[in-house]
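Shown here: upload_28.cif, mmCIF, C-alpha atoms and all ligand atoms.
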data_final
#
loop_
_atom_site.label_atom_id
_atom_site.label_comp_id
_atom_site.auth_asym_id
_atom_site.auth_seq_id
_atom_site.Cartn_x
_atom_site.Cartn_y
_atom_site.Cartn_z
CA MET Y 1 2.70 1.00 -20.59
CA PHE Y 2 3.91 1.64 -17.05
CA THR Y 3 6.79 4.10 -16.73
CA LEU Y 4 8.67 5.32 -13.70
CA ASP Y 5 7.81 8.97 -14.31
CA GLN Y 6 4.14 8.13 -13.66
CA VAL Y 7 5.03 7.07 -10.12
CA VAL Y 8 5.54 9.32 -7.17
CA PRO Y 9 7.43 6.91 -4.91
CA TRP Y 10 6.43 7.29 -1.28
CA GLY Y 11 6.94 4.42 1.13
CA ARG Y 12 5.57 3.72 4.55
CA SER Y 13 7.17 1.74 7.37
CA PHE Y 14 6.47 -1.65 8.94
CA ASP Y 15 5.01 0.06 12.01
CA GLU Y 16 2.62 2.04 9.81
CA TYR Y 17 1.56 -1.11 7.92
CA ARG Y 18 0.97 -2.89 11.20
CA ARG Y 19 -1.38 -0.11 12.36
CA MET Y 20 -3.04 0.56 8.96
CA PHE Y 21 -3.99 -3.11 8.68
CA ALA Y 22 -4.43 -3.80 12.42
CA LEU Y 23 -2.00 -6.73 12.06
CA THR Y 24 -1.64 -8.89 15.16
CA ASP Y 25 1.54 -10.78 16.07
CA GLU Y 26 -0.23 -14.00 15.05
CA GLU Y 27 -1.16 -12.57 11.65
CA LEU Y 28 2.49 -11.69 11.08
CA GLY Y 29 3.02 -15.47 11.03
CA LEU Y 30 0.78 -15.80 7.94
CA ARG Y 31 1.84 -15.80 4.28
CA ILE Y 32 1.35 -12.17 3.20
CA ILE Y 33 1.30 -10.50 -0.20
CA GLY Y 34 1.58 -6.71 -0.39
CA CYS Y 35 0.06 -5.29 -3.59
CA GLY Y 36 1.53 -1.97 -4.66
CA ASP Y 37 4.13 -1.93 -1.86
CA GLY Y 38 6.46 0.29 -3.91
CA PRO Y 39 9.33 1.67 -1.81
CA ALA Y 40 7.68 0.85 1.55
CA SER Y 41 9.92 -0.84 4.14
CA PHE Y 42 7.21 -3.27 5.25
CA ASN Y 43 8.75 -6.21 3.38
CA ALA Y 44 12.31 -5.43 4.53
CA GLU Y 45 11.45 -5.15 8.20
CA ALA Y 46 8.86 -7.95 8.22
CA THR Y 47 11.44 -10.27 6.64
CA ARG Y 48 13.99 -9.39 9.33
CA ARG Y 49 11.34 -10.32 11.90
CA GLY Y 50 10.69 -13.68 10.25
CA THR Y 51 7.42 -12.87 8.43
CA ARG Y 52 6.97 -14.27 4.91
CA VAL Y 53 6.06 -11.34 2.66
CA VAL Y 54 6.00 -11.04 -1.12
CA SER Y 55 5.58 -7.52 -2.52
CA CYS Y 56 4.24 -6.84 -6.02
CA ASP Y 57 4.63 -3.57 -7.84
CA PRO Y 58 5.42 -2.57 -11.43
CA ILE Y 59 8.11 -0.27 -10.00
CA TYR Y 60 10.19 -3.42 -9.33
CA ARG Y 61 11.08 -3.69 -13.02
CA TYR Y 62 13.50 -0.83 -12.32
CA ASP Y 63 16.78 -1.12 -10.48
CA ALA Y 64 17.62 0.47 -7.14
CA GLU Y 65 19.46 3.43 -8.69
CA GLN Y 66 16.54 4.26 -11.00
CA ILE Y 67 14.09 4.11 -8.08
CA ARG Y 68 16.43 6.15 -5.86
CA SER Y 69 16.76 8.83 -8.49
CA ARG Y 70 12.97 9.01 -8.96
CA ILE Y 71 12.58 9.34 -5.15
CA GLU Y 72 15.13 12.17 -5.13
CA SER Y 73 13.44 14.05 -7.96
CA THR Y 74 9.93 13.89 -6.44
CA TYR Y 75 10.65 14.10 -2.70
CA SER Y 76 10.59 17.91 -2.21
CA GLN Y 77 7.59 18.26 -4.50
CA ILE Y 78 5.55 15.87 -2.30
CA LEU Y 79 6.58 17.69 0.87
CA ASP Y 80 5.68 21.07 -0.71
CA GLN Y 81 2.24 19.76 -1.66
CA THR Y 82 1.78 18.49 1.89
CA ARG Y 83 2.76 21.91 3.29
CA GLN Y 84 0.07 23.49 1.11
CA ASN Y 85 -2.57 21.05 2.40
CA LEU Y 86 -1.68 20.75 6.09
CA ASP Y 87 -5.35 20.56 7.13
CA GLU Y 88 -5.86 17.33 5.21
CA PHE Y 89 -3.63 15.49 7.69
CA VAL Y 90 -3.54 14.69 11.41
CA TRP Y 91 -0.25 15.81 12.92
CA THR Y 92 -0.17 13.84 16.16
CA SER Y 93 1.94 10.75 15.51
CA ILE Y 94 4.01 12.52 12.84
CA ARG Y 95 4.23 16.11 14.12
CA SER Y 96 5.54 18.15 11.20
CA VAL Y 97 6.21 18.05 7.46
CA ASP Y 98 9.93 17.78 8.18
CA GLU Y 99 9.35 14.78 10.42
CA LEU Y 100 7.13 13.26 7.72
CA GLY Y 101 9.96 13.64 5.23
CA ALA Y 102 12.44 12.02 7.60
CA VAL Y 103 10.11 9.10 8.42
CA ARG Y 104 9.30 8.42 4.75
CA MET Y 105 12.94 8.74 3.65
CA ALA Y 106 14.08 6.34 6.41
CA ALA Y 107 11.50 3.79 5.22
CA MET Y 108 12.50 4.21 1.57
CA ASN Y 109 16.23 3.92 2.39
CA ASP Y 110 15.50 0.72 4.31
CA PHE Y 111 13.62 -0.58 1.24
CA LEU Y 112 16.49 0.39 -1.10
CA ALA Y 113 19.06 -1.33 1.12
CA ASP Y 114 16.99 -4.54 1.05
CA TYR Y 115 15.97 -4.37 -2.61
CA ALA Y 116 18.74 -6.45 -4.24
CA ALA Y 117 18.53 -9.23 -1.64
CA GLY Y 118 14.73 -9.15 -1.78
CA LYS Y 119 14.69 -9.43 -5.55
CA ALA Y 120 17.09 -12.37 -5.44
CA GLN Y 121 14.80 -14.06 -2.89
CA ALA Y 122 11.69 -13.32 -5.03
CA ARG Y 123 10.27 -11.06 -2.33
CA TYR Y 124 9.96 -8.11 -4.74
CA ILE Y 125 8.07 -9.14 -7.86
CA ASP Y 126 7.46 -6.98 -10.91
CA ALA Y 127 3.72 -7.53 -11.25
CA GLU Y 128 0.62 -5.41 -11.27
CA LEU Y 129 -3.02 -5.56 -10.39
CA PRO Y 130 -5.43 -6.68 -11.69
CA SER Y 131 -3.44 -9.77 -12.81
CA LEU Y 132 -1.18 -11.24 -10.16
CA PRO Y 133 1.14 -14.06 -11.31
CA PHE Y 134 0.28 -16.48 -8.49
CA PRO Y 135 -1.91 -19.59 -8.24
CA ASP Y 136 -5.18 -19.41 -6.31
CA LEU Y 137 -4.81 -19.15 -2.53
CA SER Y 138 -1.03 -18.81 -2.56
CA PHE Y 139 -1.33 -16.43 0.42
CA ASP Y 140 -3.33 -16.08 3.62
CA LEU Y 141 -3.51 -12.29 3.53
CA ALA Y 142 -3.36 -9.73 0.70
CA LEU Y 143 -2.70 -6.12 1.72
CA CYS Y 144 -3.09 -3.03 -0.42
CA SER Y 145 -1.94 0.30 1.01
CA HIS Y 146 -2.42 3.69 -0.64
CA LEU Y 147 -3.38 2.52 -4.10
CA LEU Y 148 -7.02 1.36 -4.31
CA PHE Y 149 -9.60 3.99 -3.31
CA LEU Y 150 -6.81 6.60 -2.94
CA TYR Y 151 -6.60 6.82 -6.75
CA THR Y 152 -10.36 6.45 -7.26
CA THR Y 153 -10.55 8.86 -10.21
CA GLN Y 154 -7.35 7.72 -11.89
CA LEU Y 155 -8.01 3.96 -11.65
CA GLY Y 156 -11.81 3.79 -11.93
CA GLU Y 157 -14.44 1.25 -10.95
CA VAL Y 158 -13.61 -1.52 -13.43
CA PHE Y 159 -9.98 -1.56 -12.27
CA HIS Y 160 -11.04 -1.67 -8.60
CA GLU Y 161 -13.39 -4.63 -9.25
CA GLY Y 162 -10.71 -6.55 -11.13
CA ALA Y 163 -7.94 -5.76 -8.65
CA ILE Y 164 -9.98 -6.79 -5.61
CA ARG Y 165 -11.22 -9.94 -7.38
CA ASP Y 166 -7.64 -10.99 -8.14
CA MET Y 167 -6.47 -10.30 -4.58
CA CYS Y 168 -9.41 -12.45 -3.36
CA ARG Y 169 -8.26 -15.19 -5.75
CA VAL Y 170 -4.66 -15.34 -4.51
CA ALA Y 171 -5.39 -14.87 -0.78
CA SER Y 172 -8.08 -16.00 1.63
CA GLU Y 173 -8.40 -12.52 3.11
CA VAL Y 174 -7.90 -9.04 1.62
CA ARG Y 175 -7.33 -5.78 3.52
CA ILE Y 176 -7.34 -2.36 1.88
CA PHE Y 177 -6.30 0.97 3.45
CA PRO Y 178 -7.17 3.84 3.27
CA LEU Y 179 -10.79 4.18 2.14
CA LEU Y 180 -10.32 7.85 1.23
CA ALA Y 181 -9.39 9.32 -2.13
CA LEU Y 182 -6.65 11.92 -2.65
CA GLY Y 183 -7.48 15.22 -0.96
CA ALA Y 184 -8.92 13.27 2.02
CA THR Y 185 -12.26 13.08 0.20
CA SER Y 186 -14.63 10.13 0.42
CA SER Y 187 -14.54 7.59 -2.41
CA PRO Y 188 -17.84 6.54 -4.00
CA LEU Y 189 -16.20 3.23 -4.87
CA VAL Y 190 -16.10 2.09 -1.23
CA GLU Y 191 -19.86 1.49 -1.03
CA ARG Y 192 -19.93 0.02 -4.51
CA MET Y 193 -17.19 -2.51 -3.70
CA VAL Y 194 -18.87 -3.44 -0.40
CA ALA Y 195 -22.12 -4.10 -2.30
CA SER Y 196 -20.48 -5.87 -5.23
CA PHE Y 197 -18.30 -8.27 -3.22
CA GLY Y 198 -21.13 -8.85 -0.73
CA ARG Y 199 -23.35 -9.93 -3.66
CA GLN Y 200 -20.56 -12.29 -4.82
CA GLY Y 201 -20.72 -14.08 -1.45
CA TYR Y 202 -17.74 -12.51 0.32
CA ARG Y 203 -17.93 -11.21 3.89
CA VAL Y 204 -17.02 -7.54 3.60
CA SER Y 205 -16.54 -5.27 6.61
CA ILE Y 206 -15.21 -1.80 7.28
CA GLU Y 207 -13.21 -1.51 10.47
CA THR Y 208 -11.61 1.32 12.37
CA VAL Y 209 -7.84 0.89 12.73
CA PRO Y 210 -5.30 2.57 15.05
CA TYR Y 211 -3.78 4.69 12.26
CA GLU Y 212 -4.95 8.03 10.92
CA PHE Y 213 -2.76 10.39 8.89
CA GLN Y 214 -5.16 11.56 6.18
CA ARG Y 215 -7.82 13.31 8.27
CA GLY Y 216 -10.77 10.91 8.68
CA GLY Y 217 -8.76 8.10 7.08
CA ASN Y 218 -8.82 5.43 9.77
CA GLY Y 219 -11.09 2.94 8.01
CA MET Y 220 -9.89 -0.37 6.54
CA MET Y 221 -11.84 -2.73 4.28
CA ARG Y 222 -11.64 -6.45 5.09
CA ILE Y 223 -12.89 -8.98 2.55
CA ARG Y 224 -13.09 -12.68 3.43
CA ARG Y 225 -14.25 -15.76 1.59
C1 LIG Y 301 1.38 5.69 -3.17
S1 LIG Y 301 2.37 4.29 -3.49
C2 LIG Y 301 2.08 3.34 -2.01
C3 LIG Y 301 3.27 2.52 -1.61
C4 LIG Y 301 3.08 1.65 -0.37
N1 LIG Y 301 1.97 0.72 -0.51
C5 LIG Y 301 2.85 2.49 0.87
O1 LIG Y 301 1.71 2.60 1.32
O2 LIG Y 301 3.82 3.06 1.37
C6 LIG Y 301 1.43 3.43 -4.73
C7 LIG Y 301 2.18 2.28 -5.37
O3 LIG Y 301 1.29 1.58 -6.26
C8 LIG Y 301 2.05 1.11 -7.34
N2 LIG Y 301 1.15 0.75 -8.45
C9 LIG Y 301 0.66 1.54 -9.43
N3 LIG Y 301 -0.14 0.81 -10.25
C10 LIG Y 301 -0.16 -0.46 -9.76
C11 LIG Y 301 -0.79 -1.67 -10.17
N4 LIG Y 301 -1.60 -1.72 -11.23
N5 LIG Y 301 -0.59 -2.78 -9.44
C12 LIG Y 301 0.22 -2.75 -8.34
N6 LIG Y 301 0.85 -1.64 -7.92
C13 LIG Y 301 0.67 -0.50 -8.62
C14 LIG Y 301 2.99 2.25 -7.64
O4 LIG Y 301 4.10 1.82 -8.41
C15 LIG Y 301 3.37 2.72 -6.23
O5 LIG Y 301 4.53 2.07 -5.78
#

Please re-express this file's structure in structure tokens.
Ligand SMILES: C[S@@+](CC[C@H](N)C(=O)[O-])C[C@H]1O[C@@H](n2cnc3c(N)ncnc32)[C@H](O)[C@@H]1O
Amino acid sequence: MFTLDQVVPWGRSFDEYRRMFALTDEELGLRIIGCGDGPASFNAEATRRGTRVVSCDPIYRYDAEQIRSRIESTYSQILDQTRQNLDEFVWTSIRSVDELGAVRMAAMNDFLADYAAGKAQARYIDAELPSLPFPDLSFDLALCSHLLFLYTTQLGEVFHEGAIRDMCRVASEVRIFPLLALGATSSPLVERMVASFGRQGYRVSIETVPYEFQRGGNGMMRIRR
């Protein structure tokens, strides 16, 4: 049973998504599904720019006020943890913990302002991996940011297999970022997923992208039919 107190809401911006997934202007014309988008502002800003994005997350069963209140109760705790682990991050694009807080809060406020309209337009769907409620190949591109591999220990190998398989079912291409677990440590599941989906006939590659905040975390997995 998924509950809001299990989630630490933390949302990234459209610009960060574009760099994490090396999205080109042409790719922003594709049908995109974001899996585990949470309070990121990718959907809000992409929609304003004319991109068709559907975001799925179990957090979307809650209303804006519930999500806002969860953001408010966890925000300082996340920044404190970041302050205690400064070396795990690269402070070039975002230069300080305070700036990080401001950037994340701006993205989450943008999400919250768009949430009611996005729900009415079926752009925010209460759904969770590994079972997405969409027919096969409903999308060109499935993105997953800061869920798979990041929570390697918590989610486990069976979940990763099932989640990636379902993203490959609903979209012709899947991209996952980052490939590091929490604590900026390497995830043993990366190699296992490369091997497993390679054996199943997919083309799997690991590419360097123009985004690195977790130190060493500038690798993205691309899986194609
Ligand atoms: C760390 S946040 C990342 C949010 C966003 N993708 C970003 O990068 O800014 C992880 C998100 O995964 C969502 N999540 C947890 N379990 C999930 C599942 N089984 N399927 C889809 N999303 C899930 C959480 O609700 C949360 O919003």

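Coordinates place atom CA of Y:Glu161 at a distance of 13.9 Å from atom CA of Y:Leu132.
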
Practice problem: Enumerate residues in contact with ligand LIG 301 (chain Y): an atom-to-atom distance of at most 8 Å, counting all atoms listed in the file. Format the result as a count of residues only. | Solution: 31

Mind running stretch 93-126 of chain Y against stretch 63-82 of chain Y at 8 Å and telling me each contacting residue's nearest atom pair with the distance in Å (one decimal), counting only C-alpha atoms, chain and number ascending, as a tab-separated table?
residue	atom	partner	partner_atom	distance
Y:Val97	CA	Y:Leu79	CA	6.6
Y:Gly101	CA	Y:Leu79	CA	6.8
Y:Leu112	CA	Y:Ala64	CA	6.1
Y:Tyr115	CA	Y:Ala64	CA	6.8
Y:Ala116	CA	Y:Ala64	CA	7.6

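Take atom CA of Y:Arg224 and atom CA of Y:Ile164: the distance between them is 11.2 Å.
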
Can you tell me, as a tab-separated table (two decimals) with C-alpha atoms, keeping the file's coordinate frame, what residues are no more than 8 Å from stretch 86-88 of chain Y when counting all atoms listed in the file, ignoring any on the same chain fewer than 4 positions away?
chain	number	residue	atom	x	y	z
Y	82	THR	CA	1.78	18.49	1.89
Y	183	GLY	CA	-7.48	15.22	-0.96
Y	184	ALA	CA	-8.92	13.27	2.02
Y	214	GLN	CA	-5.16	11.56	6.18
Y	215	ARG	CA	-7.82	13.31	8.27

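Closest approach to Y:Phe159 among Y:Leu182, Y:Ile33, Y:Val174, Y:Leu189: Y:Leu189, based on all atoms listed in the file.
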
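Nearest to Y:Ala117 of all the residues Y:Asn43, Y:Ser205, Y:Ser196, Y:Gln6 is Y:Asn43, counting all atoms listed in the file.
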
Quiz item: What is the atom CA of Y:Leu30-atom CA of Y:Arg192 distance in Å, reported with one decimal?
Solution: 28.9 Å

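Nearest residue to Y:Asp136 among Y:Ile32, Y:Leu150, Y:Val190, Y:Cys168 is Y:Cys168, counting all atoms listed in the file.
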
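Minimum atom-to-atom distance to Y:Phe111, evaluated using all atoms listed in the file, belongs to Y:Ala44 out of Y:Ala44, Y:Met221, Y:Ile125, Y:Val170.
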
Exercise. Can you pull out every residue within 8 Å of Y:Phe21, counting all atoms listed in the file, but drop anything in the same chain fewer than 5 positions away, and send it as a PyMOL selection string?
Key: chain Y and resi 143+175-177+209+220

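Counting all atoms listed in the file, the residue from Y:Arg123, Y:Arg203, Y:Arg104, Y:Arg95 that sits nearest to Y:Val54 is Y:Arg123.
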
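Each of Y:Glu207, Y:Glu26, Y:Glu45, Y:Glu191 was checked against Y:Asp114 using all atoms listed in the file; the smallest atom-to-atom distance is that of Y:Glu45.
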
Quiz prompt | Non-local contacts of Y:Ala22 (9 Å; all atoms listed in the file; under 2 positions in same chain excluded) as a list in words | solution = Tyr17, Arg18, Arg19, Met20, Thr24, Thr208, Val209, Pro210, Tyr211 and Met220 of chain Y
